[in-house]
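K.L.:
Structure file structure03.cif (mmCIF, C-alpha atoms and all ligand atoms) right here:
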```
data_entry
#
loop_
_atom_site.label_atom_id
_atom_site.label_comp_id
_atom_site.auth_asym_id
_atom_site.auth_seq_id
_atom_site.Cartn_x
_atom_site.Cartn_y
_atom_site.Cartn_z
CA MET Y 336 -25.86 -6.23 -21.03
CA ARG Y 337 -28.83 -6.03 -18.65
CA LEU Y 338 -29.11 -9.85 -18.63
CA LYS Y 339 -25.42 -10.09 -17.73
CA LEU Y 340 -25.94 -7.72 -14.80
CA VAL Y 341 -28.93 -9.73 -13.55
CA ILE Y 342 -26.95 -12.98 -13.72
CA LEU Y 343 -23.90 -11.49 -11.98
CA ASP Y 344 -25.93 -9.66 -9.32
CA PRO Y 345 -25.94 -12.59 -6.79
CA VAL Y 346 -22.17 -12.98 -7.33
CA TYR Y 347 -21.59 -9.27 -6.55
CA ARG Y 348 -23.74 -9.59 -3.43
CA ILE Y 349 -21.71 -12.57 -2.20
CA PHE Y 350 -18.47 -10.61 -2.70
CA GLU Y 351 -19.96 -7.62 -0.86
CA GLN Y 352 -20.91 -9.84 2.09
CA ILE Y 353 -17.41 -11.38 2.16
CA ALA Y 354 -15.80 -7.91 1.99
CA LYS Y 355 -17.99 -6.71 4.86
CA ARG Y 356 -17.58 -9.73 7.15
CA ALA Y 357 -13.89 -10.34 6.41
CA GLY Y 358 -12.95 -6.64 6.92
CA PRO Y 359 -11.82 -7.02 10.59
CA ILE Y 360 -9.84 -10.17 9.64
CA PHE Y 361 -8.02 -8.29 6.84
CA VAL Y 362 -7.17 -5.44 9.25
CA ALA Y 363 -5.89 -7.94 11.85
CA LEU Y 364 -3.80 -9.57 9.11
CA VAL Y 365 -2.21 -6.23 8.11
CA VAL Y 366 -1.39 -5.47 11.77
CA LEU Y 367 -0.05 -8.99 12.40
CA LEU Y 368 2.15 -9.19 9.28
CA THR Y 369 3.48 -5.63 9.69
CA SER Y 370 4.24 -6.25 13.38
CA SER Y 371 6.04 -9.50 12.52
CA VAL Y 372 8.27 -7.69 10.00
CA VAL Y 373 9.10 -4.96 12.55
CA VAL Y 374 9.79 -7.39 15.44
CA LEU Y 375 11.98 -9.63 13.25
CA TYR Y 376 13.85 -6.59 12.01
CA TYR Y 377 14.77 -5.69 15.61
CA LEU Y 378 15.62 -9.30 16.53
CA TYR Y 379 17.62 -10.48 13.51
CA ILE Y 380 18.38 -7.68 11.03
CA LEU Y 381 19.47 -4.71 13.16
CA PRO Y 382 22.04 -6.72 15.19
CA TRP Y 383 23.53 -8.02 11.92
CA ILE Y 384 23.64 -4.52 10.40
CA ARG Y 385 25.34 -3.14 13.53
CA ALA Y 386 27.95 -5.92 13.32
CA HIS Y 387 28.66 -5.74 9.56
CA TRP Y 388 27.87 -2.23 8.31
CA SER Y 389 29.81 0.97 9.00
CA PRO Y 390 28.48 2.99 11.98
CA THR Y 391 27.37 5.81 9.63
CA LEU Y 392 25.43 3.49 7.29
CA ALA Y 393 23.89 1.64 10.23
CA THR Y 394 22.72 4.95 11.75
CA VAL Y 395 21.24 6.10 8.41
CA ASN Y 396 19.47 2.74 8.10
CA TYR Y 397 18.11 3.07 11.65
CA ILE Y 398 16.79 6.63 11.18
CA PHE Y 399 15.37 6.03 7.68
CA GLY Y 400 13.64 2.81 8.80
CA HIS Y 401 11.99 4.52 11.76
CA TRP Y 402 10.84 7.45 9.62
CA LEU Y 403 9.13 4.96 7.27
CA LEU Y 404 7.63 3.04 10.20
CA LEU Y 405 6.23 6.23 11.74
CA ASN Y 406 4.52 7.17 8.46
CA ILE Y 407 3.22 3.62 7.84
CA VAL Y 408 1.64 3.32 11.30
CA PHE Y 409 0.23 6.86 11.31
CA ASN Y 410 -1.30 6.72 7.83
CA TYR Y 411 -2.76 3.24 8.35
CA ILE Y 412 -4.45 4.17 11.64
CA MET Y 413 -5.81 7.39 10.10
CA ALA Y 414 -7.03 5.60 6.95
CA VAL Y 415 -8.90 3.04 9.07
CA LYS Y 416 -10.26 5.48 11.65
CA THR Y 417 -11.16 8.50 9.47
CA PRO Y 418 -14.72 8.38 8.05
CA PRO Y 419 -14.46 8.93 4.27
CA GLY Y 420 -17.29 11.49 4.38
CA ARG Y 421 -21.00 11.27 3.62
CA PRO Y 422 -23.27 13.83 2.01
CA PRO Y 423 -25.27 16.09 4.33
CA PRO Y 424 -28.96 15.02 4.47
CA ASN Y 425 -30.28 18.42 3.38
CA PHE Y 426 -27.87 19.00 0.50
CA ASP Y 427 -29.65 21.50 -1.75
CA SER Y 428 -27.73 21.33 -5.07
CA PRO Y 429 -27.45 17.61 -5.90
CA VAL Y 430 -26.39 16.27 -9.29
CA SER Y 431 -28.53 13.15 -8.81
CA ILE Y 432 -30.46 11.10 -6.27
CA CYS Y 433 -29.05 7.86 -4.85
CA LYS Y 434 -31.50 5.05 -5.61
CA SER Y 435 -30.36 3.02 -2.58
CA CYS Y 436 -30.28 5.78 0.06
CA VAL Y 437 -32.99 7.83 -1.67
CA SER Y 438 -31.01 10.97 -0.82
CA PRO Y 439 -29.31 13.79 -2.80
CA LYS Y 440 -25.85 13.09 -4.21
CA PRO Y 441 -23.23 15.86 -4.59
CA PRO Y 442 -20.76 15.67 -7.51
CA ARG Y 443 -18.18 12.82 -7.29
CA THR Y 444 -20.30 11.03 -4.66
CA HIS Y 445 -21.03 7.32 -5.12
CA HIS Y 446 -22.92 4.68 -3.20
CA CYS Y 447 -20.88 1.93 -1.48
CA SER Y 448 -22.84 -1.31 -1.55
CA VAL Y 449 -20.62 -2.80 1.20
CA CYS Y 450 -21.05 0.10 3.67
CA LYS Y 451 -24.60 0.67 2.35
CA ARG Y 452 -24.21 4.46 2.23
CA CYS Y 453 -23.13 7.24 -0.09
CA VAL Y 454 -19.48 8.35 0.15
CA LEU Y 455 -18.06 11.75 -0.85
CA LYS Y 456 -15.50 11.51 -3.70
CA MET Y 457 -15.57 7.73 -3.32
CA ASP Y 458 -12.54 5.90 -4.69
CA HIS Y 459 -13.26 2.31 -3.64
CA HIS Y 460 -14.16 0.12 -0.67
CA CYS Y 461 -10.95 -1.26 0.81
CA PRO Y 462 -11.25 -4.54 2.80
CA TRP Y 463 -7.65 -4.06 4.05
CA LEU Y 464 -8.85 -0.91 5.85
CA ASN Y 465 -12.37 -2.24 6.54
CA ASN Y 466 -13.40 1.22 5.36
CA CYS Y 467 -14.31 3.11 2.23
CA VAL Y 468 -11.66 5.33 0.66
CA GLY Y 469 -13.22 8.73 0.04
CA HIS Y 470 -12.73 12.49 0.35
CA PHE Y 471 -11.45 12.63 3.95
CA ASN Y 472 -9.17 9.55 4.04
CA HIS Y 473 -7.96 9.26 0.44
CA ARG Y 474 -4.63 10.94 1.28
CA TYR Y 475 -4.04 8.60 4.25
CA PHE Y 476 -4.81 5.53 2.11
CA TYR Y 477 -2.45 6.60 -0.68
CA LEU Y 478 0.38 7.60 1.68
CA PHE Y 479 0.02 4.34 3.58
CA CYS Y 480 0.43 2.40 0.30
CA VAL Y 481 3.45 4.52 -0.72
CA TYR Y 482 5.23 4.32 2.65
CA MET Y 483 4.45 0.61 3.03
CA THR Y 484 5.92 -0.08 -0.43
CA LEU Y 485 9.01 1.99 0.40
CA GLY Y 486 9.21 0.14 3.73
CA THR Y 487 9.14 -3.32 2.15
CA ILE Y 488 11.74 -2.26 -0.47
CA PHE Y 489 13.89 -0.87 2.36
CA VAL Y 490 13.63 -4.08 4.41
CA SER Y 491 14.30 -6.30 1.37
CA LEU Y 492 17.45 -4.34 0.49
CA SER Y 493 18.65 -4.25 4.11
CA ILE Y 494 18.20 -8.03 4.42
CA TYR Y 495 19.61 -9.04 1.05
CA GLN Y 496 23.30 -9.10 2.05
CA GLN Y 497 22.56 -11.13 5.18
CA LEU Y 498 20.36 -13.54 3.26
CA CYS Y 499 23.15 -14.20 0.75
CA THR Y 500 25.53 -15.29 3.50
CA PHE Y 501 23.13 -18.09 4.43
CA PHE Y 502 23.11 -19.73 1.07
CA THR Y 503 26.04 -18.95 -1.17
CA GLY Y 504 28.16 -16.22 0.38
CA SER Y 505 27.88 -14.23 -2.84
CA PRO Y 506 24.96 -12.11 -4.17
CA ILE Y 507 25.61 -13.28 -7.76
CA ARG Y 508 25.59 -16.95 -6.86
CA PHE Y 509 22.49 -16.32 -4.76
CA LEU Y 510 20.64 -15.16 -7.87
CA VAL Y 511 21.59 -18.43 -9.58
CA SER Y 512 20.45 -20.54 -6.66
CA ILE Y 513 17.31 -18.54 -5.91
CA ALA Y 514 15.35 -21.71 -5.14
CA THR Y 515 17.71 -22.71 -2.32
CA PRO Y 516 16.10 -20.54 0.41
CA ALA Y 517 12.70 -22.20 0.03
CA PHE Y 518 14.34 -25.61 0.13
CA SER Y 519 16.33 -24.68 3.23
CA ILE Y 520 13.22 -23.39 4.97
CA ILE Y 521 11.47 -26.72 4.43
CA ARG Y 522 14.52 -28.56 5.72
CA ALA Y 523 14.68 -26.25 8.73
CA TRP Y 524 11.05 -26.96 9.53
CA ILE Y 525 11.39 -30.74 9.40
CA SER Y 526 14.63 -30.69 11.37
CA SER Y 527 14.04 -30.89 15.11
CA ASN Y 528 17.47 -29.78 16.28
CA GLN Y 529 20.41 -29.70 13.89
CA LEU Y 530 21.00 -29.85 10.16
CA GLU Y 531 24.04 -30.62 8.04
CA SER Y 532 24.82 -28.40 5.07
CA THR Y 533 27.60 -27.01 2.91
CA PRO Y 534 29.76 -24.43 4.68
CA SER Y 535 29.21 -20.77 3.91
CA PRO Y 536 32.35 -18.61 4.14
CA SER Y 537 30.76 -15.72 6.01
CA ASP Y 538 28.41 -17.73 8.20
CA PRO Y 539 28.77 -16.29 11.74
CA HIS Y 540 27.03 -19.17 13.48
CA LEU Y 541 28.72 -22.24 12.09
CA THR Y 542 30.99 -24.65 13.93
CA ALA Y 543 33.30 -26.81 11.80
CA ALA Y 544 33.18 -30.63 12.08
CA PRO Y 545 36.16 -32.92 11.31
CA ASN Y 546 34.76 -34.11 7.95
CA LEU Y 547 34.49 -30.49 6.75
CA LYS Y 548 30.69 -30.62 6.91
CA VAL Y 549 29.02 -27.98 9.01
CA VAL Y 550 26.62 -28.55 11.87
CA HIS Y 551 24.23 -25.65 12.14
CA THR Y 552 22.89 -24.71 15.52
CA GLU Y 553 19.19 -24.25 16.19
CA GLU Y 554 19.82 -20.53 16.58
CA TYR Y 555 21.35 -20.43 13.09
CA LEU Y 556 18.38 -22.27 11.58
CA GLN Y 557 15.94 -19.96 13.30
CA THR Y 558 17.76 -16.90 12.01
CA GLN Y 559 17.89 -18.41 8.52
CA PHE Y 560 14.18 -19.15 8.55
CA TRP Y 561 12.99 -15.79 9.88
CA VAL Y 562 15.30 -13.74 7.67
CA SER Y 563 14.06 -15.70 4.63
CA TYR Y 564 10.42 -15.21 5.75
CA GLU Y 565 11.02 -11.46 6.15
CA PHE Y 566 12.68 -11.16 2.76
CA PHE Y 567 10.11 -13.08 0.72
CA LEU Y 568 7.14 -11.47 2.49
CA CYS Y 569 8.56 -8.01 1.78
CA VAL Y 570 9.34 -8.82 -1.86
CA GLY Y 571 5.76 -10.14 -2.31
CA VAL Y 572 4.22 -7.03 -0.73
CA THR Y 573 6.50 -4.77 -2.80
CA ILE Y 574 5.23 -6.33 -6.03
CA ALA Y 575 1.53 -6.35 -5.02
CA LEU Y 576 1.34 -2.98 -3.27
CA GLY Y 577 3.83 -1.36 -5.67
CA SER Y 578 1.46 -2.12 -8.57
CA LEU Y 579 -1.40 -0.51 -6.63
CA VAL Y 580 0.74 2.58 -5.94
CA VAL Y 581 1.55 2.92 -9.66
CA PHE Y 582 -2.17 2.60 -10.51
CA HIS Y 583 -3.26 5.25 -7.98
CA THR Y 584 -0.35 7.56 -8.83
CA ARG Y 585 -1.54 7.65 -12.44
CA LEU Y 586 -5.13 8.32 -11.32
CA ILE Y 587 -4.18 11.18 -9.00
CA SER Y 588 -1.93 12.71 -11.68
CA ARG Y 589 -5.00 12.80 -13.97
CA GLY Y 590 -7.32 14.16 -11.25
CA GLU Y 591 -9.63 11.15 -11.16
CA THR Y 592 -10.69 8.42 -8.74
CA SER Y 593 -10.87 4.67 -9.47
CA ILE Y 594 -14.61 4.97 -10.14
CA GLU Y 595 -14.19 8.11 -12.28
CA LYS Y 596 -11.58 6.32 -14.40
CA HIS Y 597 -14.31 4.01 -15.72
CA ILE Y 598 -16.81 6.87 -16.09
CA ASN Y 599 -14.25 9.05 -17.91
CA ASN Y 600 -13.16 6.22 -20.22
CA LYS Y 601 -16.78 5.56 -21.19
CA GLU Y 602 -17.48 9.25 -21.69
CA ARG Y 603 -14.26 9.72 -23.68
CA ARG Y 604 -15.28 6.97 -26.09
CA ARG Y 605 -18.76 8.45 -26.48
CA VAL Y 606 -17.48 12.00 -27.10
CA ASN Y 607 -14.75 10.78 -29.45
CA GLU Y 608 -17.39 9.04 -31.57
CA LEU Y 609 -19.01 12.45 -31.99
CA GLY Y 610 -15.68 13.78 -33.28
CA LYS Y 611 -15.03 15.90 -30.18
CA THR Y 612 -12.38 15.79 -27.46
CA TYR Y 613 -13.34 14.86 -23.91
CA ARG Y 614 -11.63 16.40 -20.91
CA ASN Y 615 -11.98 15.23 -17.33
CA PRO Y 616 -13.54 18.24 -15.53
CA TYR Y 617 -11.44 17.64 -12.37
CA HIS Y 618 -8.07 17.53 -14.15
CA PHE Y 619 -6.18 20.77 -13.42
CA GLY Y 620 -2.73 19.66 -14.54
CA PHE Y 621 -0.14 17.42 -12.91
CA THR Y 622 1.26 19.74 -10.20
CA ARG Y 623 -2.05 21.28 -9.17
CA ASN Y 624 -3.76 17.87 -9.03
CA TRP Y 625 -1.14 16.64 -6.57
CA ARG Y 626 -1.21 19.81 -4.47
CA MET Y 627 -5.01 19.59 -4.27
CA PHE Y 628 -4.85 15.90 -3.40
CA PHE Y 629 -2.38 16.47 -0.57
CA GLY Y 630 -4.17 19.63 0.62
CA ILE Y 631 -1.03 21.75 0.19
CA GLU Y 632 -2.25 24.32 -2.32
CA GLU Y 633 -0.85 27.85 -2.18
CA GLY Y 634 -2.49 29.90 0.54
CA THR Y 635 -3.12 26.93 2.84
CA GLY Y 636 0.16 27.52 4.68
CA ARG Y 637 1.06 23.88 4.18
CA SER Y 638 3.97 22.38 2.28
CA TRP Y 639 5.54 19.02 1.35
CA ARG Y 640 6.59 18.75 5.00
CA HIS Y 641 2.92 17.85 5.65
CA VAL Y 642 3.34 14.89 3.27
CA LEU Y 643 6.75 13.71 4.45
CA LEU Y 644 5.74 13.82 8.12
CA PRO Y 645 2.46 12.76 9.79
CA SER Y 646 -0.18 15.46 9.50
CA THR Y 647 -3.88 15.40 10.36
CA HIS Y 648 -4.83 18.37 8.14
CA LYS Y 649 -8.11 18.01 6.26
CA PRO Y 650 -8.34 18.04 2.46
CA THR Y 651 -9.38 21.20 0.63
CA GLY Y 652 -13.16 21.69 0.66
CA ASP Y 653 -15.97 19.77 2.33
CA GLY Y 654 -16.31 17.23 -0.51
CA THR Y 655 -19.75 18.44 -1.64
CA ALA Y 656 -18.71 21.25 -4.02
CA TRP Y 657 -15.96 20.86 -6.60
CA LYS Y 658 -14.23 23.30 -8.86
CA THR Y 659 -14.21 22.11 -12.46
CA PHE Y 660 -11.80 22.81 -15.28
CA SER Y 661 -12.84 25.35 -17.87
CA ALA Y 662 -10.97 26.96 -20.77
CA THR Y 663 -10.21 29.96 -18.55
CA THR Y 664 -8.94 27.89 -15.61
CA LYS Y 665 -5.24 28.27 -14.83
CA CYS Y 666 -3.63 24.89 -15.44
CA ASP Y 667 -0.15 23.76 -14.27
ZN ZN N 1 -26.34 5.98 -1.42
ZN ZN N 2 -17.59 1.06 1.70
#
```
Just give me the structure as structure tokens.
Ligand SMILES: [Zn+2]
Ligand SMILES: [Zn+2]
P.N.:
Amino acid sequence: MRLKLVILDPVYRIFEQIAKRAGPIFVALVVLLTSSVVVLYYLYILPWIRAHWSPTLATVNYIFGHWLLLNIVFNYIMAVKTPPGRPPPNFDSPVSICKSCVSPKPPRTHHCSVCKRCVLKMDHHCPWLNNCVGHFNHRYFYLFCVYMTLGTIFVSLSIYQQLCTFFTGSPIRFLVSIATPAFSIIRAWISSNQLESTPSPSDPHLTAAPNLKVVHTEEYLQTQFWVSYEFFLCVGVTIALGSLVVFHTRLISRGETSIEKHINNKERRRVNELGKTYRNPYHFGFTRNWRMFFGIEEGTGRSWRHVLLPSTHKPTGDGTAWKTFSATTKCD
């Protein structure tokens, strides 16, 4: 085991260096891709929705989309900008000493080898934020992931009907010919001006030619390309980020961080071998775990409104002292 760690140590260090140096590039990539989705939505999707959907549905789409956008932008900026929290230098009741910082570590604190410092209730180092996820920005990170996933699902569903008109005119036939969009995109790229294709019954941009073939305008091809780009980017992000949301939702429901998951699993196996039952000391039951995570416990004066709308409230506690579960603790 020790030999394996020694061999892998240079590999870990290379990854740490990449994570550190590539952090600003990852952040720029998030901003660039998100901005492209928003701009394309205004340019190509909203006009189509206004022309084809009922005024009520179009208004609901508009309001819902902007509510998601507000939460995505707010939580991302806060997750990037908010320091995750570091232990005070003169902390007088540590549970251990950090070998790297040579300083006292409060409970749930771990050392980040990318940031080269200890982080309160550290979850992980996130290159997409160029920041550690810890006590003070954990809520922003999680809400960003949730709202971004909802946003990409929302955009994918809003686009789907329009996308179908480009290729088959029918959602069912579109599913059969799912490979067609990629093919059309390649054809659109190599075409300098115009492209011949099979007519689509609900195509708003086509102009019929005498031989019943259709000559697509450059504007049509541009719309086709960007709508396809928007759809496939959003579907890809939904799958990737959606999986991360599921993973973190399970962790928060159990009152543990990503790092503590490994510690708890190891400890559970050890205790089970002794014939006893292990319990995570920070697991207070599903409802209370979530209320604590969002900082909306009873008596704080905060509610789910502070989760559904941007809020800069701090989490409960300073991240150095943690209540632990005991047999007498009230559990939801
Ligand atoms: Zn440290
Ligand atoms: Zn870090």
K.L.:
Show me as a PyMOL selection string the residues that reach within 12 Å of (1.6, -13.0, 10.9), counting only C-alpha atoms and using the file's own coordinates.
P.N.:
chain Y and resi 360-375+561+564-565+568
K.L.:
What is the distance between CA of His473 (chain Y) and CA of His641 (chain Y), in Å to one decimal?
P.N.:
14.8 Å
K.L.:
Using all atoms listed in the file, find each residue with an atom at most 10 Å away from ligand ZN 2 (chain N) and format the answer as a VMD selection string.
P.N.:
chain Y and resid 351 354 to 355 419 445 to 454 457 to 462 464 to 469
K.L.:
Considering only C-alpha atoms, can you say which of Y:Ser389, Y:Thr659, Y:Thr500, Y:Thr635 comes closest to Gly620 (chain Y)?
P.N.:
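Checking each of Y:Ser389, Y:Thr659, Y:Thr500, Y:Thr635 against Gly620 (chain Y), counting only C-alpha atoms, the winner is Y:Thr659.
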K.L.:
Between CA of Phe566 (chain Y) and CA of Ile407 (chain Y), what is the distance, to one decimal in Å?
P.N.:
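Spanning CA of Phe566 (chain Y) to CA of Ile407 (chain Y) is a straight-line distance of 18.3 Å.
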K.L.:
Under the rule that all atoms listed in the file are counted, which of Y:Thr391, Y:Ser493, Y:Ser435, Y:Thr558 is the nearest residue to ligand ZN 1 (chain N)?
P.N.:
Y:Ser435
K.L.:
Within 9 Å of Leu644 (chain Y), counting all atoms listed in the file, which residues qualify if same-chain residues fewer than 4 places away don't, as a short mmCIF file (atom, residue, chain, number, x, y, z; two decimals) with C-alpha atoms, in the coordinates of the input?
P.N.:
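Wrote part09.cif, looks like this:
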```
data_model
loop_
_atom_site.label_atom_id
_atom_site.label_comp_id
_atom_site.auth_asym_id
_atom_site.auth_seq_id
_atom_site.Cartn_x
_atom_site.Cartn_y
_atom_site.Cartn_z
CA TRP Y 402 10.84 7.45 9.62
CA LEU Y 405 6.23 6.23 11.74
CA ASN Y 406 4.52 7.17 8.46
CA TRP Y 639 5.54 19.02 1.35
CA ARG Y 640 6.59 18.75 5.00
#
```
K.L.:
Between Y:Ile594, Y:Leu478, Y:Val580, Y:Cys436, single out the one closest to ligand ZN 1 (chain N), counting all atoms listed in the file.
P.N.:
Y:Cys436
K.L.:
Taking all atoms listed in the file into account, name the residue in Y:Thr444, Y:Thr651, Y:Gln352, Y:Ser593 that is nearest to ligand ZN 1 (chain N).
P.N.:
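Among Y:Thr444, Y:Thr651, Y:Gln352, Y:Ser593, it is Y:Thr444 that comes nearest to ligand ZN 1 (chain N).
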K.L.:
Draw an axis-aligned box over all listed atoms of region 579-592 of chain Y, pad each side with 5 Å, and write its centre and edge lengths in Å, one decimal, as JSON.
P.N.:
```
{"center_x": -4.6, "center_y": 6.8, "center_z": -10.0, "size_x": 22.2, "size_y": 24.7, "size_z": 18.0}
```
K.L.:
Pick from Y:Tyr475, Y:Cys480, Y:Ser438, Y:Val642: nearest to Asn425 (chain Y), with all atoms listed in the file counted?
P.N.:
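Checking each candidate against Asn425 (chain Y), we get Y:Ser438 as the closest.
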K.L.:
Would you kindly identify which residues have an atom no farther than 12 Å from (-1.1, 18.4, -9.0), using all atoms listed in the file and the file's own coordinates, and write them out as a PyMOL selection string?
P.N.:
chain Y and resi 584-591+617-633+666-667
K.L.:
Pick the closest to ligand ZN 1 (chain N) from Y:Leu381, Y:Val395, Y:Val415, Y:Leu455: which is it, counting all atoms listed in the file?
P.N.:
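Between Y:Leu381, Y:Val395, Y:Val415, Y:Leu455, the residue approaching ligand ZN 1 (chain N) most closely is Y:Leu455.
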K.L.:
Any idea what the distance is between CA of Glu595 (chain Y) and CA of Glu608 (chain Y)?
P.N.:
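Separation between CA of Glu595 (chain Y) and CA of Glu608 (chain Y): 19.6 Å.
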